[in-house]
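Take a look at the structure set out below.
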Amino acid sequence: MDIFTKVVEPAKTPSPANAVAQPIFQTSVYAFDDIGEVDQILAGTRPGYSYTRGGNPNFDALAQFVASIEETEDAVVTASGTASLLAAMLALAPKPCAILLSREIYGGTVGICRRILAPMGYSTSWVDTHEVEAFKASLNGEPCLLVVESISNPLGRVSPLDEVIQAAHDGGACVLVDNTFATPYHAQPVKWGADLVVHSLTKFIGGHSDLILGVVAGDTTRISAVREIVDVGGFTPDPFAAWLALRGARTLALRMQRSSQNALELASALQTIAGVRRVYYPGLPSHPDYLVAQKLLVRGYGAIVSLSLEGGYGAVQSMIRSLKHVRFVPSLGDVSTTLSHPMVASHRELSPEEKVSVGIDGSVVRISVGIESVQDLIEDFRQALSS
Ligand SMILES: *Cc1c(COP(=O)(O)O)cnc(C)c1O
C-alpha cells in the first residue's frame, strides 16, 4: 500500500469489551458489509448505529442515566439545554398555538419564544404559577403548553407544581418543566405530572464547566417525537461532550448534597452581613415559597442563592472585584462557587420593565454554590462586602 492509502487506513483496535469506563465513540459514521443492514437500522427495525446524528452509544448511555435518575421511560440528549428546550417545545406543541411562560424563567426560554416561535405564529404570555386559582383563570385562552421551572432562575421561586400541572392539564395544556436548578436530586417533575422535563446538562449534571449539552426526559411516545426533531433538525451533540457529562454526572448526588448544604449555610450567613438587602433562597423561612419548597422538594433546596445588595449595580461591581475565591462567571453548576449577574447575562432577553416586574435589577447577584468549605465562602463574601 502507498502511504496515501496507509494514512487513511482505519486503526484495527480490538473491541475493548471489558473496559470499565465506556469508550468514547468519537465517530460520525459506521461501516457496513451489507446494504440491508443499514436499511434496517435507518428504518428502526434493527438495533444499531449508522450515522451519529441519529444516535451514538455515548448519547444512549447518558440518556439512559438521566432517564434512570429522573425515573422516566426514556430520554434524549441534545447539543445544549437550549436545543432541548426548543426540541421539547416543538414536540409538545407542533403547530402554532398559545404558550404560557411562568413569570420567572430563564431568559433563553423567552428568547426561543420571541425570536423563533413568535415569527412562526405562536403566541406567548406570562402567567403567575404561584397562586393556583389565579393560574386557572389564565387558562381560558386555550393554551397548548405551559413552560415552568421547578426552582426558578434566578430568584429561587418554587410554584406548587403538583397542583399547577393538574390545572394546566384540565385546561388542555401540556407542561414542560425545566429542572436544571433542582436536578433530579431535589425534584422529579414527572411525579407531579410533567409531560416532559429538560435539563441544561451544562450546569449541575455535567458539573465541571467543561461542556455544553442538554437532555429531554419523558415517556416513550413523547421522547420518540423529540428524538425525531433532534435527528431531523440536527440538534445532536458531540460524543465527547456526552462522555464528559456522564463522567461528571457520576458524582451528581455527592455534589448536590454538599452544595445544597453549603447554600443553606451561606444563605443564612449572608442575611447577617451589612450591605446585603435581601437573600433569595427557598430554604430560608424568609423566602415567599419556603412552605411550597418544603412540601415539593426533597433533600434540600438546591445550590443557587441570589442576593440583592444595598448599593445596587455599583456595589455588585465592587463586590465582584473584591472577591478572592468566588469568580464572576455567566453560568452556574460548577464544583467551585461562581456568581453571575442575571440582568446582564441570563435574563438580558427580558425588557427593562419585565426585569423590574420579576425583581431582577442591577443589584441582584446569583451565586452558584460549590463544594468548598462553606467557612471559606462565607469569609470571602464577608471580606468582599466590607471592602
Ligand atoms: C443555562 C440554562 C439553560 C440553557 O442551557 P444551555 O446548555 O446553556 O443551552 C436552560 N435553562 C436553565 C434554567 C439554565 O440555567
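Letters for chains follow the order of the C-alpha cells (A, B, ...), residue numbers begin at 1 for each chain, and ligand numbers begin at 1 in the order shown.
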
For ligand 1, return the neighbouring residues as a short mmCIF file (atom, residue, chain, number, x, y, z; two decimals) with N, CA and C atoms, in the first residue's frame (distance at most 9 Å; only C-alpha atoms and all ligand atoms).
data_model
loop_
_atom_site.label_atom_id
_atom_site.label_comp_id
_atom_site.auth_asym_id
_atom_site.auth_seq_id
_atom_site.Cartn_x
_atom_site.Cartn_y
_atom_site.Cartn_z
N ALA A 79 -27.56 19.06 21.77
CA ALA A 79 -26.33 19.86 21.78
C ALA A 79 -26.25 20.91 22.87
N SER A 80 -27.37 21.30 23.46
CA SER A 80 -27.37 22.29 24.55
C SER A 80 -28.70 22.20 25.29
N GLY A 81 -28.75 22.84 26.45
CA GLY A 81 -30.02 22.92 27.15
C GLY A 81 -31.05 23.67 26.32
N THR A 82 -30.58 24.68 25.61
CA THR A 82 -31.46 25.48 24.75
C THR A 82 -32.05 24.63 23.63
N ALA A 83 -31.21 23.80 23.00
CA ALA A 83 -31.71 22.89 21.95
C ALA A 83 -32.74 21.93 22.54
N SER A 84 -32.53 21.51 23.78
CA SER A 84 -33.50 20.62 24.42
C SER A 84 -34.82 21.33 24.64
N LEU A 85 -34.75 22.59 25.08
CA LEU A 85 -35.99 23.35 25.29
C LEU A 85 -36.76 23.48 23.98
N ILE A 105 -38.50 32.98 34.51
CA ILE A 105 -37.98 31.89 33.69
C ILE A 105 -36.68 32.33 33.04
N TYR A 106 -35.85 31.36 32.73
CA TYR A 106 -34.56 31.63 32.10
C TYR A 106 -34.75 32.50 30.84
N GLY A 107 -33.93 33.52 30.68
CA GLY A 107 -34.06 34.43 29.54
C GLY A 107 -33.99 33.72 28.19
N GLY A 108 -33.20 32.66 28.10
CA GLY A 108 -33.07 31.92 26.85
C GLY A 108 -34.39 31.28 26.41
N THR A 109 -35.20 30.88 27.39
CA THR A 109 -36.52 30.29 27.08
C THR A 109 -37.41 31.37 26.46
N GLU A 149 -40.24 26.37 35.55
CA GLU A 149 -39.04 25.80 36.16
C GLU A 149 -39.37 25.28 37.56
N ILE A 151 -37.29 25.04 40.16
CA ILE A 151 -36.78 26.12 41.02
C ILE A 151 -36.39 27.21 40.02
N SER A 152 -36.94 28.40 40.18
CA SER A 152 -36.78 29.37 39.09
C SER A 152 -35.42 30.06 39.11
N ASN A 153 -35.01 30.48 37.93
CA ASN A 153 -33.79 31.22 37.68
C ASN A 153 -34.18 32.70 37.57
N PRO A 154 -33.67 33.58 38.41
CA PRO A 154 -32.63 33.40 39.42
C PRO A 154 -33.11 33.47 40.87
N ASP A 178 -38.50 22.78 33.22
CA ASP A 178 -37.05 22.91 33.18
C ASP A 178 -36.55 22.61 34.60
N ASN A 179 -35.85 21.49 34.74
CA ASN A 179 -35.44 21.01 36.07
C ASN A 179 -33.95 21.24 36.32
N THR A 180 -33.37 22.19 35.56
CA THR A 180 -31.93 22.44 35.65
C THR A 180 -31.46 22.81 37.05
N PHE A 181 -32.19 23.70 37.73
CA PHE A 181 -31.73 24.17 39.05
C PHE A 181 -31.92 23.10 40.13
N VAL A 198 -36.75 19.03 30.96
CA VAL A 198 -35.47 19.32 30.29
C VAL A 198 -34.43 19.74 31.33
N HIS A 199 -33.19 19.52 30.95
CA HIS A 199 -32.04 19.98 31.73
C HIS A 199 -31.04 20.62 30.81
N SER A 200 -30.38 21.66 31.30
CA SER A 200 -29.12 22.07 30.71
C SER A 200 -28.08 21.21 31.42
N LEU A 201 -27.55 20.20 30.73
CA LEU A 201 -26.53 19.33 31.33
C LEU A 201 -25.23 20.09 31.54
N THR A 202 -25.14 21.23 30.87
CA THR A 202 -24.02 22.15 31.03
C THR A 202 -23.82 22.52 32.50
N LYS A 203 -24.90 22.51 33.27
CA LYS A 203 -24.87 23.01 34.63
C LYS A 203 -24.58 21.88 35.63
N LEU A 211 -18.44 21.61 29.31
CA LEU A 211 -19.21 21.12 28.16
C LEU A 211 -20.51 21.90 28.02
N ILE A 212 -21.12 21.81 26.85
CA ILE A 212 -22.46 22.37 26.58
C ILE A 212 -23.31 21.20 26.09
N LEU A 213 -24.43 20.97 26.77
CA LEU A 213 -25.24 19.80 26.44
C LEU A 213 -26.61 19.92 27.09
N GLY A 214 -27.61 19.27 26.51
CA GLY A 214 -28.94 19.26 27.11
C GLY A 214 -29.56 17.88 27.03
N SER A 331 -22.55 31.64 34.14
CA SER A 331 -23.13 30.30 34.06
C SER A 331 -23.31 29.84 35.50
N LEU A 332 -23.47 28.54 35.72
CA LEU A 332 -23.68 28.01 37.07
C LEU A 332 -23.44 26.51 37.05
N GLY A 333 -23.43 25.92 38.25
CA GLY A 333 -23.38 24.46 38.33
C GLY A 333 -22.00 23.86 38.42
N SER A 346 -27.99 36.07 32.13
CA SER A 346 -29.04 35.07 31.87
C SER A 346 -30.39 35.67 31.48
#

Mind checking which residues fall within 10 Å of Arg157 (chain A), counting only C-alpha atoms, ignoring those fewer than 3 positions away in the same chain, and posting them as a list of chain:residue names?
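Non-adjacent residues within range: A:Arg103, A:Glu104, A:Ile105, A:Thr129, A:His130, A:Glu149, A:Ser150, A:Ile151, A:Ser152, A:Asn153, A:Pro154, A:Pro160, A:Tyr280, A:Tyr281, A:Pro282, A:His287, A:Pro288, A:Asp289, A:Tyr290, A:Val292, A:Ala293.
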
In terms of the shortest atom-to-atom distance over only C-alpha atoms, which of A:Leu323, A:Ala217, A:Ala242, A:Val158 is closest to Tyr301 (chain A)?
A:Val158

Contacts of Met343 (chain A) within 8 Å, only C-alpha atoms, excl. fewer than 6 positions in-chain, as a ChimeraX atom specification:
/A:355,360-362,364

What lies within 7 Å of Ser123 (chain A) using only C-alpha atoms, ignoring chain neighbours under 6 positions off, as a ChimeraX atom specification?
/A:97-99

Residue selection dump (N, CA and C atoms) as a CSV table (one decimal), in the first residue's frame:
chain,number,residue,atom,x,y,z
A,97,CYS,N,-49.6,27.9,18.4
A,97,CYS,CA,-50.6,27.9,19.5
A,97,CYS,C,-50.2,28.9,20.5
A,98,ALA,N,-51.0,28.9,21.6
A,98,ALA,CA,-50.7,29.8,22.7
A,98,ALA,C,-49.8,29.2,23.8
A,99,ILE,N,-48.6,29.7,24.0
A,99,ILE,CA,-47.7,29.2,25.0
A,99,ILE,C,-47.8,30.1,26.3

For region 183-189 of chain A, list every protein, DNA or RNA residue within 8 Å, evaluated using only C-alpha atoms, and leave out those in the same chain fewer than 6 positions away; present the list as a list in words.
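Listing them by chain and then by number gives Ile69, Glu70, Glu71, Ser150, Val177, Val197, His199, Phe204, Ile205, Leu252, Ala253, Met256, Leu296, Leu297, Val298, Arg299, Gly300, Tyr301 and Gly302 of chain A.
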
Minimum-distance residue to Asn58 (chain A), chosen among A:Val8, A:Leu307, A:Ala134, A:Val77 (using only C-alpha atoms)
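Closest to Asn58 (chain A), using only C-alpha atoms: A:Val77.
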
So which one's closest to Ala194 (chain A), A:Gly218, A:Gly248, A:Gly206, A:Gly156? Using only C-alpha atoms, please.
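Smallest separation from Ala194 (chain A) among the options: A:Gly218.
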
Run DSSP on the backbone and give me the residues of region 289-376 of chain A it puts in strand (DSSP E or B), as a PDB file with C-alpha atoms, in the first residue's frame.
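As written to disk, selection.pdb reads:
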ATOM      1  CA  ILE A 304     -28.453  28.656  43.916  1.00  0.00           C
ATOM      2  CA  VAL A 305     -28.594  31.606  46.283  1.00  0.00           C
ATOM      3  CA  SER A 306     -29.403  35.063  44.967  1.00  0.00           C
ATOM      4  CA  LEU A 307     -28.886  38.373  46.711  1.00  0.00           C
ATOM      5  CA  SER A 308     -29.746  41.956  46.262  1.00  0.00           C
ATOM      6  CA  LEU A 309     -27.189  44.480  47.504  1.00  0.00           C
ATOM      7  CA  ARG A 327     -15.334  34.125  40.334  1.00  0.00           C
ATOM      8  CA  PHE A 328     -17.785  36.066  38.183  1.00  0.00           C
ATOM      9  CA  THR A 338     -19.278  31.199  40.975  1.00  0.00           C
ATOM     10  CA  LEU A 339     -21.551  34.167  40.656  1.00  0.00           C
ATOM     11  CA  SER A 340     -23.440  35.789  37.848  1.00  0.00           C
ATOM     12  CA  VAL A 364     -29.205  41.251  42.003  1.00  0.00           C
ATOM     13  CA  VAL A 365     -26.408  38.689  42.039  1.00  0.00           C
ATOM     14  CA  ARG A 366     -26.896  34.946  41.550  1.00  0.00           C
ATOM     15  CA  ILE A 367     -24.484  32.660  43.397  1.00  0.00           C
ATOM     16  CA  SER A 368     -23.980  29.058  42.294  1.00  0.00           C
TER      17      SER A 368
END

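For region 73-131 of chain A, a DSSP pass over the backbone yields helix (DSSP H, G or I) at Gly81, Thr82, Ala83, Ser84, Leu85, Leu86, Ala87, Ala88, Met89, Leu90, Ala91, Leu92, Gly107, Gly108, Thr109, Val110, Gly111, Ile112, Cys113, Arg114, Arg115, Ile116, Leu117, Ala118, Pro119 and Met120 of chain A.
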
Between A:Glu9, A:Asp210, A:Glu131, A:Asp238, which is the closest to Pro57 (chain A) once you count only C-alpha atoms?
A:Asp238

For Gly55 (chain A), which residue out of A:Gly283, A:Pro239, A:Gly311, A:Gly275 is the nearest one, using only C-alpha atoms?
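Ranking A:Gly283, A:Pro239, A:Gly311, A:Gly275 by distance to Gly55 (chain A), first place goes to A:Pro239.
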
Neighbouring residues of Gln375 (chain A) were defined as those with any atom within 12 Å, considering only C-alpha atoms; residues of the same chain fewer than 4 positions away were excluded. Please report them as an mmCIF file with all heavy atoms, in the first residue's frame.
data_model
loop_
_atom_site.group_PDB
_atom_site.id
_atom_site.type_symbol
_atom_site.label_atom_id
_atom_site.label_comp_id
_atom_site.auth_asym_id
_atom_site.auth_seq_id
_atom_site.Cartn_x
_atom_site.Cartn_y
_atom_site.Cartn_z
ATOM 1 N N ASN A 262 -24.126 23.642 51.730
ATOM 2 C CA ASN A 262 -23.343 24.886 51.720
ATOM 3 C C ASN A 262 -24.240 26.089 51.412
ATOM 4 O O ASN A 262 -24.095 27.153 52.019
ATOM 5 C CB ASN A 262 -22.251 24.822 50.646
ATOM 6 C CG ASN A 262 -21.003 24.073 51.114
ATOM 7 O OD1 ASN A 262 -20.916 23.665 52.269
ATOM 8 N ND2 ASN A 262 -20.057 23.888 50.206
ATOM 9 N N ALA A 263 -25.145 25.910 50.442
ATOM 10 C CA ALA A 263 -26.018 27.014 50.016
ATOM 11 C C ALA A 263 -26.885 27.482 51.172
ATOM 12 O O ALA A 263 -27.053 28.686 51.396
ATOM 13 C CB ALA A 263 -26.881 26.581 48.828
ATOM 14 N N GLU A 265 -26.288 27.190 54.376
ATOM 15 C CA GLU A 265 -25.462 27.873 55.386
ATOM 16 C C GLU A 265 -25.004 29.244 54.906
ATOM 17 O O GLU A 265 -25.021 30.224 55.656
ATOM 18 C CB GLU A 265 -24.248 27.011 55.762
ATOM 19 C CG GLU A 265 -24.658 25.801 56.582
ATOM 20 C CD GLU A 265 -23.483 24.907 56.961
ATOM 21 O OE1 GLU A 265 -22.413 25.445 57.306
ATOM 22 O OE2 GLU A 265 -23.649 23.673 56.903
ATOM 23 N N LEU A 266 -24.619 29.303 53.624
ATOM 24 C CA LEU A 266 -24.176 30.583 53.075
ATOM 25 C C LEU A 266 -25.338 31.581 53.048
ATOM 26 O O LEU A 266 -25.187 32.752 53.421
ATOM 27 C CB LEU A 266 -23.603 30.388 51.662
ATOM 28 C CG LEU A 266 -23.132 31.658 50.944
ATOM 29 C CD1 LEU A 266 -21.954 32.303 51.669
ATOM 30 C CD2 LEU A 266 -22.731 31.355 49.500
ATOM 31 N N ALA A 269 -25.935 32.929 56.466
ATOM 32 C CA ALA A 269 -24.873 33.846 56.877
ATOM 33 C C ALA A 269 -24.981 35.182 56.143
ATOM 34 O O ALA A 269 -24.795 36.252 56.745
ATOM 35 C CB ALA A 269 -23.514 33.210 56.621
ATOM 36 N N LEU A 270 -25.311 35.139 54.854
ATOM 37 C CA LEU A 270 -25.382 36.376 54.068
ATOM 38 C C LEU A 270 -26.453 37.327 54.610
ATOM 39 O O LEU A 270 -26.315 38.551 54.508
ATOM 40 C CB LEU A 270 -25.650 36.051 52.594
ATOM 41 C CG LEU A 270 -24.452 35.476 51.817
ATOM 42 C CD1 LEU A 270 -24.916 34.904 50.482
ATOM 43 C CD2 LEU A 270 -23.373 36.544 51.600
ATOM 44 N N ILE A 371 -18.686 23.077 46.183
ATOM 45 C CA ILE A 371 -18.475 22.053 47.214
ATOM 46 C C ILE A 371 -17.321 22.397 48.174
ATOM 47 O O ILE A 371 -16.852 21.542 48.919
ATOM 48 C CB ILE A 371 -18.218 20.673 46.559
ATOM 49 C CG1 ILE A 371 -16.959 20.703 45.668
ATOM 50 C CG2 ILE A 371 -19.425 20.215 45.739
ATOM 51 C CD1 ILE A 371 -16.551 19.329 45.130
ATOM 52 N N GLU A 379 -16.409 33.664 54.483
ATOM 53 C CA GLU A 379 -15.322 34.615 54.738
ATOM 54 C C GLU A 379 -15.049 35.463 53.487
ATOM 55 O O GLU A 379 -14.874 36.677 53.570
ATOM 56 C CB GLU A 379 -14.070 33.834 55.163
ATOM 57 C CG GLU A 379 -12.956 34.697 55.724
ATOM 58 C CD GLU A 379 -13.458 35.853 56.592
ATOM 59 O OE1 GLU A 379 -14.280 35.625 57.517
ATOM 60 O OE2 GLU A 379 -13.054 36.989 56.307
ATOM 61 N N ASP A 380 -15.059 34.822 52.316
ATOM 62 C CA ASP A 380 -14.797 35.565 51.077
ATOM 63 C C ASP A 380 -15.870 36.650 50.865
ATOM 64 O O ASP A 380 -15.567 37.800 50.539
ATOM 65 C CB ASP A 380 -14.719 34.600 49.888
ATOM 66 C CG ASP A 380 -13.968 35.199 48.698
ATOM 67 O OD1 ASP A 380 -13.283 36.241 48.872
ATOM 68 O OD2 ASP A 380 -14.068 34.643 47.579
ATOM 69 N N PHE A 381 -17.144 36.276 51.051
ATOM 70 C CA PHE A 381 -18.211 37.276 50.879
ATOM 71 C C PHE A 381 -18.123 38.361 51.957
ATOM 72 O O PHE A 381 -18.320 39.542 51.681
ATOM 73 C CB PHE A 381 -19.589 36.614 50.885
ATOM 74 C CG PHE A 381 -19.930 36.000 49.550
ATOM 75 C CD1 PHE A 381 -19.777 34.634 49.334
ATOM 76 C CD2 PHE A 381 -20.358 36.787 48.491
ATOM 77 C CE1 PHE A 381 -20.053 34.072 48.095
ATOM 78 C CE2 PHE A 381 -20.642 36.232 47.251
ATOM 79 C CZ PHE A 381 -20.486 34.867 47.055
ATOM 80 N N ARG A 382 -17.800 37.953 53.166
ATOM 81 C CA ARG A 382 -17.706 38.914 54.264
ATOM 82 C C ARG A 382 -16.616 39.974 53.955
ATOM 83 O O ARG A 382 -16.891 41.174 54.048
ATOM 84 C CB ARG A 382 -17.379 38.174 55.565
ATOM 85 C CG ARG A 382 -17.792 38.920 56.813
ATOM 86 C CD ARG A 382 -17.401 38.155 58.073
ATOM 87 N NE ARG A 382 -18.179 36.949 58.317
ATOM 88 C CZ ARG A 382 -19.434 36.944 58.780
ATOM 89 N NH1 ARG A 382 -20.065 38.072 59.011
ATOM 90 N NH2 ARG A 382 -20.061 35.806 58.985
#

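CA of Ser386 (chain A) sits 20.5 Å away from CA of Ser373 (chain A).
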